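To be precise, the following lines are run23.txt, and they hold compact mmCIF, C-alpha atoms.
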# COMPACT_ATOMS: atom_id res chain seq x y z
CA MET K 1 -87.71 -5.27 173.44
CA GLY K 2 -88.74 -4.81 169.82
CA LEU K 3 -91.49 -6.47 167.86
CA PRO K 4 -93.46 -9.44 169.20
CA LEU K 5 -93.01 -12.62 167.16
CA LEU K 6 -96.77 -13.04 166.74
CA ALA K 7 -99.25 -10.20 166.43
CA VAL K 8 -102.48 -8.86 165.01
CA THR K 9 -102.17 -5.13 164.54
CA PRO K 10 -103.89 -2.13 162.97
CA ASP K 11 -100.47 -0.62 162.22
CA PRO K 12 -98.52 -0.93 158.96
CA LEU K 13 -96.44 -4.13 158.86
CA ASP K 14 -92.65 -4.10 159.16
CA LEU K 15 -91.31 -7.13 157.28
CA MET K 16 -87.67 -6.15 157.73
CA GLY K 17 -88.36 -5.78 161.45
CA LEU K 18 -89.62 -9.37 161.51
CA VAL K 19 -86.55 -10.57 159.60
CA GLU K 20 -84.28 -8.88 162.14
CA ARG K 21 -86.35 -10.28 164.99
CA VAL K 22 -86.11 -13.93 163.88
CA LEU K 23 -82.39 -13.55 163.14
CA ALA K 24 -81.82 -12.14 166.62
CA GLU K 25 -83.95 -14.89 168.17
CA ARG K 26 -81.98 -17.61 166.41
CA ALA K 27 -78.66 -15.91 167.26
CA ALA K 28 -79.63 -15.82 170.94
CA HIS K 29 -80.52 -19.51 170.78
CA ALA K 30 -77.20 -20.29 169.08
CA GLU K 31 -75.32 -18.30 171.70
CA ALA K 32 -77.07 -20.08 174.56
CA THR K 33 -76.82 -23.63 173.22
CA GLY K 34 -73.88 -23.79 170.83
CA ASP K 35 -76.27 -24.72 167.97
CA GLU K 36 -75.84 -23.11 164.56
CA ASN K 37 -77.15 -19.62 164.02
CA ALA K 38 -79.40 -18.83 161.05
CA GLY K 39 -78.08 -19.64 157.60
CA ALA K 40 -81.28 -18.51 155.91
CA VAL K 41 -84.31 -16.31 156.40
CA THR K 42 -87.34 -16.61 154.16
CA SER K 43 -90.11 -14.05 154.18
CA PHE K 44 -93.60 -13.66 152.81
CA LEU K 45 -95.62 -10.50 152.35
CA GLY K 46 -99.27 -10.72 151.35
CA THR K 47 -100.39 -7.54 149.58
CA VAL K 48 -103.76 -6.20 148.43
CA ARG K 49 -104.45 -7.13 144.81
CA ASP K 50 -106.36 -4.72 142.58
CA LYS K 51 -108.49 -7.30 140.75
CA ASN K 52 -110.35 -10.30 142.13
CA GLN K 53 -112.68 -12.57 140.14
CA GLY K 54 -113.22 -9.88 137.56
CA ARG K 55 -113.94 -7.16 140.11
CA HIS K 56 -111.93 -3.96 140.35
CA VAL K 57 -111.04 -3.82 144.04
CA THR K 58 -110.76 -0.42 145.71
CA VAL K 59 -109.86 -1.42 149.30
CA LEU K 60 -110.03 -4.41 151.65
CA ASP K 61 -111.40 -4.17 155.19
CA TYR K 62 -109.76 -6.72 157.49
CA GLU K 63 -111.46 -7.78 160.71
CA ALA K 64 -110.03 -10.20 163.28
CA TYR K 65 -111.11 -11.89 166.48
CA GLU K 66 -107.82 -10.62 167.80
CA PRO K 67 -107.25 -12.61 171.02
CA LEU K 68 -108.23 -15.89 169.36
CA ALA K 69 -106.15 -15.04 166.28
CA VAL K 70 -103.05 -14.61 168.43
CA ARG K 71 -103.74 -17.97 170.07
CA VAL K 72 -104.11 -19.53 166.62
CA PHE K 73 -100.78 -17.98 165.61
CA GLU K 74 -99.26 -19.60 168.72
CA ARG K 75 -100.74 -22.91 167.62
CA ILE K 76 -99.27 -22.52 164.12
CA ALA K 77 -95.89 -21.67 165.68
CA GLY K 78 -96.14 -24.85 167.75
CA GLU K 79 -96.95 -26.96 164.70
CA ILE K 80 -93.94 -25.47 162.90
CA ALA K 81 -91.66 -26.00 165.91
CA ARG K 82 -92.55 -29.71 165.87
CA GLU K 83 -92.18 -30.11 162.10
CA TRP K 84 -89.06 -27.93 161.68
CA PRO K 85 -87.47 -27.79 165.14
CA ASP K 86 -84.62 -25.42 164.26
CA THR K 87 -86.78 -22.64 162.81
CA VAL K 88 -87.99 -19.39 164.33
CA LEU K 89 -91.29 -17.96 163.08
CA ALA K 90 -92.53 -14.37 163.14
CA LEU K 91 -96.08 -13.74 161.91
CA HIS K 92 -98.01 -10.46 161.86
CA HIS K 93 -101.44 -9.82 160.36
CA ARG K 94 -102.92 -6.39 159.87
CA THR K 95 -106.50 -5.25 160.48
CA GLY K 96 -108.48 -2.26 159.26
CA THR K 97 -108.87 -0.73 155.82
CA LEU K 98 -106.01 -1.45 153.42
CA LYS K 99 -105.40 0.17 150.06
CA ILE K 100 -104.20 -1.57 146.92
CA GLY K 101 -100.62 -2.71 147.35
CA GLU K 102 -100.57 -2.45 151.14
CA ALA K 103 -99.36 -5.47 153.13
CA SER K 104 -101.95 -7.52 155.02
CA VAL K 105 -99.74 -10.31 156.34
CA ALA K 106 -95.99 -10.57 156.96
CA ILE K 107 -94.08 -13.75 157.80
CA ALA K 108 -90.38 -14.37 158.43
CA VAL K 109 -88.72 -17.70 159.22
CA ALA K 110 -85.08 -18.12 160.24
CA SER K 111 -83.36 -21.49 160.03
CA PRO K 112 -79.83 -22.89 159.82
CA HIS K 113 -80.71 -24.20 156.32
CA ARG K 114 -82.89 -22.82 153.54
CA ALA K 115 -85.10 -25.85 152.89
CA ALA K 116 -86.76 -25.70 156.29
CA ALA K 117 -87.07 -21.91 156.08
CA PHE K 118 -88.94 -22.08 152.76
CA ALA K 119 -91.17 -24.95 153.86
CA ALA K 120 -92.10 -23.45 157.22
CA CYS K 121 -92.90 -20.07 155.66
CA ARG K 122 -95.25 -21.62 153.10
CA TYR K 123 -96.85 -23.80 155.77
CA ALA K 124 -97.45 -20.74 157.95
CA ILE K 125 -99.39 -18.77 155.33
CA GLU K 126 -101.45 -21.82 154.34
CA ARG K 127 -102.41 -22.42 157.97
CA VAL K 128 -103.29 -18.73 158.44
CA LYS K 129 -105.69 -19.02 155.53
CA GLN K 130 -107.18 -22.22 156.94
CA ILE K 131 -107.67 -21.45 160.62
CA ALA K 132 -106.94 -17.83 161.64
CA PRO K 133 -110.16 -16.03 162.69
CA ILE K 134 -109.63 -13.15 160.26
CA TRP K 135 -111.93 -11.92 157.51
CA LYS K 136 -111.68 -9.52 154.61
CA ARG K 137 -114.46 -7.52 153.04
CA GLU K 138 -113.72 -6.55 149.51
CA ARG K 139 -114.92 -3.15 148.42
CA PHE K 140 -115.03 -2.81 144.66
CA GLU K 141 -116.50 -0.54 142.02
CA GLY K 142 -120.24 -1.02 142.50
CA GLY K 143 -120.43 -2.78 145.85
CA ASP K 144 -118.79 -4.81 148.56
CA THR K 145 -118.74 -8.40 149.74
CA TRP K 146 -117.30 -10.45 152.60
CA ILE K 147 -114.85 -13.02 151.29
CA GLU K 148 -115.44 -16.46 152.76
CA GLY K 149 -112.84 -19.18 152.49
CA ALA K 150 -112.30 -22.12 154.79
CA VAL K 151 -114.48 -23.21 157.70
CA ALA K 152 -111.82 -22.96 160.41
CA ASP K 153 -111.11 -26.24 162.18
CA PRO K 154 -107.64 -26.55 163.73
CA ASP K 155 -108.15 -30.28 164.35
CA ASP K 156 -108.93 -31.06 160.71
CA GLU K 157 -106.05 -33.36 159.78
CA ALA K 158 -106.88 -33.22 156.06
CA ALA K 159 -106.31 -29.45 156.12
CA ARG K 160 -102.97 -29.88 157.92
CA THR K 161 -101.94 -32.51 155.42
CA GLU K 162 -102.80 -30.15 152.57
CA ALA K 163 -100.74 -27.35 154.16
CA ARG K 164 -97.81 -29.77 154.53
CA ARG K 165 -98.20 -30.87 150.91
CA LEU K 166 -98.13 -27.25 149.71
CA ALA K 167 -95.04 -26.70 151.86
CA CYS K 168 -93.43 -29.56 149.92
CA VAL K 169 -92.74 -31.63 153.02
CA MET V 1 -127.55 -18.15 182.77
CA ARG V 2 -126.12 -15.42 180.60
CA VAL V 3 -123.39 -15.62 178.01
CA THR V 4 -121.73 -13.04 175.79
CA VAL V 5 -122.06 -13.74 172.08
CA ARG V 6 -119.46 -12.43 169.65
CA LEU V 7 -120.23 -12.20 165.94
CA PHE V 8 -117.88 -11.42 163.08
CA ALA V 9 -117.88 -10.45 159.41
CA GLN V 10 -121.11 -11.34 157.63
CA LEU V 11 -122.69 -12.80 160.79
CA LYS V 12 -122.12 -9.44 162.49
CA ASP V 13 -123.64 -7.56 159.57
CA LEU V 14 -126.70 -9.84 159.42
CA ALA V 15 -127.35 -9.48 163.16
CA GLY V 16 -126.52 -5.78 163.17
CA ALA V 17 -124.30 -6.18 166.25
CA SER V 18 -120.91 -7.61 167.16
CA ASP V 19 -121.58 -8.23 170.87
CA LEU V 20 -124.83 -9.58 172.28
CA ASP V 21 -125.97 -10.76 175.69
CA CYS V 22 -127.82 -14.04 175.53
CA THR V 23 -129.97 -15.43 178.35
CA LEU V 24 -130.46 -19.18 178.30
CA ASP V 25 -132.32 -21.86 180.18
CA ALA V 26 -129.75 -24.26 181.56
CA ALA V 27 -129.80 -27.67 183.19
CA ALA V 28 -127.74 -28.45 186.28
CA ASP V 29 -124.79 -30.75 185.58
CA ALA V 30 -123.39 -33.42 187.94
CA THR V 31 -121.72 -30.78 190.11
CA GLY V 32 -124.86 -28.69 190.32
CA ALA V 33 -123.50 -25.99 188.01
CA ASN V 34 -125.75 -24.72 185.25
CA VAL V 35 -124.69 -25.84 181.81
CA ALA V 36 -126.04 -25.46 178.30
CA ARG V 37 -124.57 -26.24 174.86
CA VAL V 38 -123.22 -24.01 172.11
CA GLU V 39 -126.12 -25.31 170.02
CA ASP V 40 -128.58 -23.81 172.55
CA VAL V 41 -126.87 -20.42 172.21
CA TRP V 42 -127.07 -20.66 168.42
CA GLN V 43 -130.77 -21.58 168.51
CA ALA V 44 -131.50 -18.65 170.85
CA LEU V 45 -129.62 -16.38 168.47
CA LEU V 46 -131.60 -17.68 165.49
CA ARG V 47 -134.86 -16.86 167.25
CA GLU V 48 -133.73 -13.23 167.52
CA HIS V 49 -131.99 -13.12 164.14
CA PRO V 50 -133.50 -15.66 161.70
CA ALA V 51 -131.32 -14.30 158.87
CA LEU V 52 -128.30 -16.01 160.45
CA ALA V 53 -129.75 -19.44 159.58
CA LYS V 54 -128.16 -19.30 156.13
CA PHE V 55 -124.85 -20.12 157.79
CA GLY V 56 -126.18 -23.47 158.96
CA ARG V 57 -123.12 -25.55 159.70
CA ALA V 58 -120.77 -23.54 157.49
CA MET V 59 -119.18 -21.77 160.44
CA SER V 60 -116.86 -22.35 163.36
CA VAL V 61 -117.46 -21.64 167.01
CA ALA V 62 -115.18 -20.71 169.90
CA VAL V 63 -115.87 -20.78 173.63
CA ASN V 64 -113.63 -18.61 175.82
CA LEU V 65 -111.02 -18.26 173.05
CA ASP V 66 -110.82 -21.96 172.17
CA TYR V 67 -112.27 -23.45 169.03
CA ALA V 68 -115.14 -25.73 170.05
CA ARG V 69 -117.96 -27.87 168.63
CA MET V 70 -121.69 -27.18 168.64
CA ASP V 71 -122.17 -29.75 171.44
CA ALA V 72 -119.55 -28.15 173.71
CA PRO V 73 -120.75 -27.10 177.18
CA VAL V 74 -121.42 -23.44 177.94
CA ARG V 75 -121.58 -21.95 181.41
CA ASP V 76 -122.70 -18.68 182.93
CA GLY V 77 -120.41 -15.81 181.91
CA ASP V 78 -118.79 -17.64 178.99
CA GLU V 79 -117.90 -15.88 175.73
CA VAL V 80 -119.28 -17.76 172.73
CA ALA V 81 -118.14 -16.67 169.27
CA PHE V 82 -119.67 -17.66 165.93
CA LEU V 83 -117.22 -17.43 163.07
CA PRO V 84 -118.08 -17.44 159.35
CA PRO V 85 -115.61 -19.14 156.99
CA VAL V 86 -112.31 -17.31 157.40
CA SER V 87 -110.47 -15.29 154.74
CA GLY V 88 -107.27 -13.94 156.27
CA GLY V 89 -104.04 -13.52 154.37
Using structure tokens, write down the structure that the file contains.
Amino acid sequence: MGLPLLAVTPDPLDLMGLVERVLAERAAHAEATGDENAGAVTSFLGTVRDKNQGRHVTVLDYEAYEPLAVRVFERIAGEIAREWPDTVLALHHRTGTLKIGEASVAIAVASPHRAAAFAACRYAIERVKQIAPIWKRERFEGGDTWIEGAVADPDDEAARTEARRLACV
Amino acid sequence: MRVTVRLFAQLKDLAGASDLDCTLDAAADATGANVARVEDVWQALLREHPALAKFGRAMSVAVNLDYARMDAPVRDGDEVAFLPPVSGG
């Protein structure tokens, strides 16, 4: 069956696997409906940076409320399906302790045309950062701290508008 | 009534636990079922763990895997999660 489209996982991420998955998904849709297959795939890989706000980071610990996170990913997929109807999204986020350079989030979007693929991919990562119940604790030389970003509120229209703006809609 | 409380990230560290049982007084609703509010769960939690108060309103809540508001109803057996500001990605 292969990789799920949406997942939270302790295992290393497989970006190329996601690319193949969305291509296959779009090809199956094209086969079934006579629509176009994919003419573009965009991908995003978030990786652990070694410096943050002047601190020398050693590792990041990622924690997720896994069942809610998967439901939030489904919500993001639904938002993208309404905004860019011809796209297919795959989105995986990793949990556990990640070393510098390791991938924490992987996204792939297939689309008949590149503009929608780029926009939907950017929108997906912005929405993950806004509403996915996932946290990172930064361990650095001399201590550690939980990173706190957005207060998650899926119904906050201003946040959605900001994600759409960043996606250049 | 009893609910399961889930805590994450700094809230979990401050409380020293990720899963807690919480026993609440509840009023009967129109159908006779016992109901409380997320706010009641939070206040009960604060009595046990006053250090959590620093989060005030800077958090999200979920009831049974749906984002909810502090005035949302809570029933016996529900899972209520308190979520600090998120930082995935």
One decimal place gives the CA of Gly96 in chain K-CA of Glu63 in chain K separation as 6.4 Å
- Message: Please find the residues of chain K near chain V - the criterion being any atom within 9 Å, counting all atoms listed in the file - and write them as a PyMOL selection string.
- Response: chain K and resi 46-47+62-65+67-69+71+93+104-106+125-126+128-137+145-154
### Query
Contacts of Ile76 in chain K at 9 Å or less, counting all atoms listed in the file, minus same-chain residues fewer than 3 places along, as a PyMOL selection string?
chain K and resi 71-73+79-81+123-124+127-128
Find the residues near Ala33 in chain V: any atom within 9 Å, counting all atoms listed in the file, skip ones fewer than 4 places away on the same chain, and give them as a VMD selection string. chain V and resid 27 to 29 75 to 76
Using only C-alpha atoms, can you list as number ranges by chain the residues within 7 Å of (-85.5, -17.0, 164.6)? K: 21-26, 87-89, 109-111
Provide the CA of Ala119 in chain K to CA of Ala163 in chain K distance in Å, to one decimal place.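 Spanning CA of Ala119 in chain K to CA of Ala163 in chain K is a straight-line distance of 9.9 Å.
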Could you tell me which of K:His113, K:Ala27, K:Arg122, K:Ile107 comes closest to Arg165 in chain K if we count only C-alpha atoms?
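Closest to Arg165 in chain K, using only C-alpha atoms: K:Arg122.
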For this session: For each of K:Val169, K:Ala117, K:Leu15, K:Leu98, take the minimum atom-to-atom distance to Gly39 in chain K, counting only C-alpha atoms, then give the residue where this is smallest.
Result: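 Ranked by minimum distance to Gly39 in chain K, first place goes to K:Ala117.
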Report as lines of an AutoDock Vina configuration file the centre and the edge lengths, in Å to one decimal, of the axis-aligned box holding every listed atom of range 131-146 of chain K, padded by 4 Å on each side.
center_x = -113.7
center_y = -11.0
center_z = 152.4
size_x = 21.5
size_y = 28.9
size_z = 28.7
Missing atoms in range 28-44 of chain K should be modelled up to N, CA and C atoms and reported as an mmCIF file, in the coordinates of the input.
data_model
loop_
_atom_site.group_PDB
_atom_site.id
_atom_site.type_symbol
_atom_site.label_atom_id
_atom_site.label_comp_id
_atom_site.auth_asym_id
_atom_site.auth_seq_id
_atom_site.Cartn_x
_atom_site.Cartn_y
_atom_site.Cartn_z
ATOM 1 N N ALA K 28 -79.623 -15.660 169.480
ATOM 2 C CA ALA K 28 -79.630 -15.820 170.940
ATOM 3 C C ALA K 28 -79.669 -17.295 171.309
ATOM 4 N N HIS K 29 -80.455 -18.066 170.547
ATOM 5 C CA HIS K 29 -80.520 -19.510 170.780
ATOM 6 C C HIS K 29 -79.157 -20.142 170.529
ATOM 7 N N ALA K 30 -78.514 -19.737 169.434
ATOM 8 C CA ALA K 30 -77.200 -20.290 169.080
ATOM 9 C C ALA K 30 -76.180 -19.965 170.176
ATOM 10 N N GLU K 31 -76.240 -18.741 170.651
ATOM 11 C CA GLU K 31 -75.320 -18.300 171.700
ATOM 12 C C GLU K 31 -75.508 -19.130 172.971
ATOM 13 N N ALA K 32 -76.767 -19.385 173.298
ATOM 14 C CA ALA K 32 -77.070 -20.080 174.560
ATOM 15 C C ALA K 32 -76.770 -21.567 174.489
ATOM 16 N N THR K 33 -76.879 -22.174 173.310
ATOM 17 C CA THR K 33 -76.820 -23.630 173.220
ATOM 18 C C THR K 33 -75.609 -24.160 172.459
ATOM 19 N N GLY K 34 -74.949 -23.308 171.690
ATOM 20 C CA GLY K 34 -73.880 -23.790 170.830
ATOM 21 C C GLY K 34 -74.374 -24.336 169.505
ATOM 22 N N ASP K 35 -75.722 -24.325 169.283
ATOM 23 C CA ASP K 35 -76.270 -24.720 167.970
ATOM 24 C C ASP K 35 -75.852 -23.697 166.904
ATOM 25 N N GLU K 36 -76.134 -24.041 165.654
ATOM 26 C CA GLU K 36 -75.840 -23.110 164.560
ATOM 27 C C GLU K 36 -76.753 -21.887 164.650
ATOM 28 N N ASN K 37 -76.251 -20.761 164.156
ATOM 29 C CA ASN K 37 -77.150 -19.620 164.020
ATOM 30 C C ASN K 37 -77.919 -19.779 162.697
ATOM 31 N N ALA K 38 -78.629 -18.728 162.280
ATOM 32 C CA ALA K 38 -79.400 -18.830 161.050
ATOM 33 C C ALA K 38 -78.474 -18.792 159.834
ATOM 34 N N GLY K 39 -78.761 -19.700 158.878
ATOM 35 C CA GLY K 39 -78.080 -19.640 157.600
ATOM 36 C C GLY K 39 -79.017 -19.146 156.519
ATOM 37 N N ALA K 40 -80.272 -18.941 156.882
ATOM 38 C CA ALA K 40 -81.280 -18.510 155.910
ATOM 39 C C ALA K 40 -82.442 -17.845 156.629
ATOM 40 N N VAL K 41 -83.012 -16.847 155.985
ATOM 41 C CA VAL K 41 -84.310 -16.310 156.400
ATOM 42 C C VAL K 41 -85.173 -16.257 155.155
ATOM 43 N N THR K 42 -86.369 -16.816 155.229
ATOM 44 C CA THR K 42 -87.340 -16.610 154.160
ATOM 45 C C THR K 42 -88.413 -15.679 154.681
ATOM 46 N N SER K 43 -89.056 -14.957 153.755
ATOM 47 C CA SER K 43 -90.110 -14.050 154.180
ATOM 48 C C SER K 43 -91.245 -14.085 153.169
ATOM 49 N N PHE K 44 -92.428 -13.739 153.665
ATOM 50 C CA PHE K 44 -93.600 -13.660 152.810
ATOM 51 C C PHE K 44 -94.365 -12.401 153.171
#
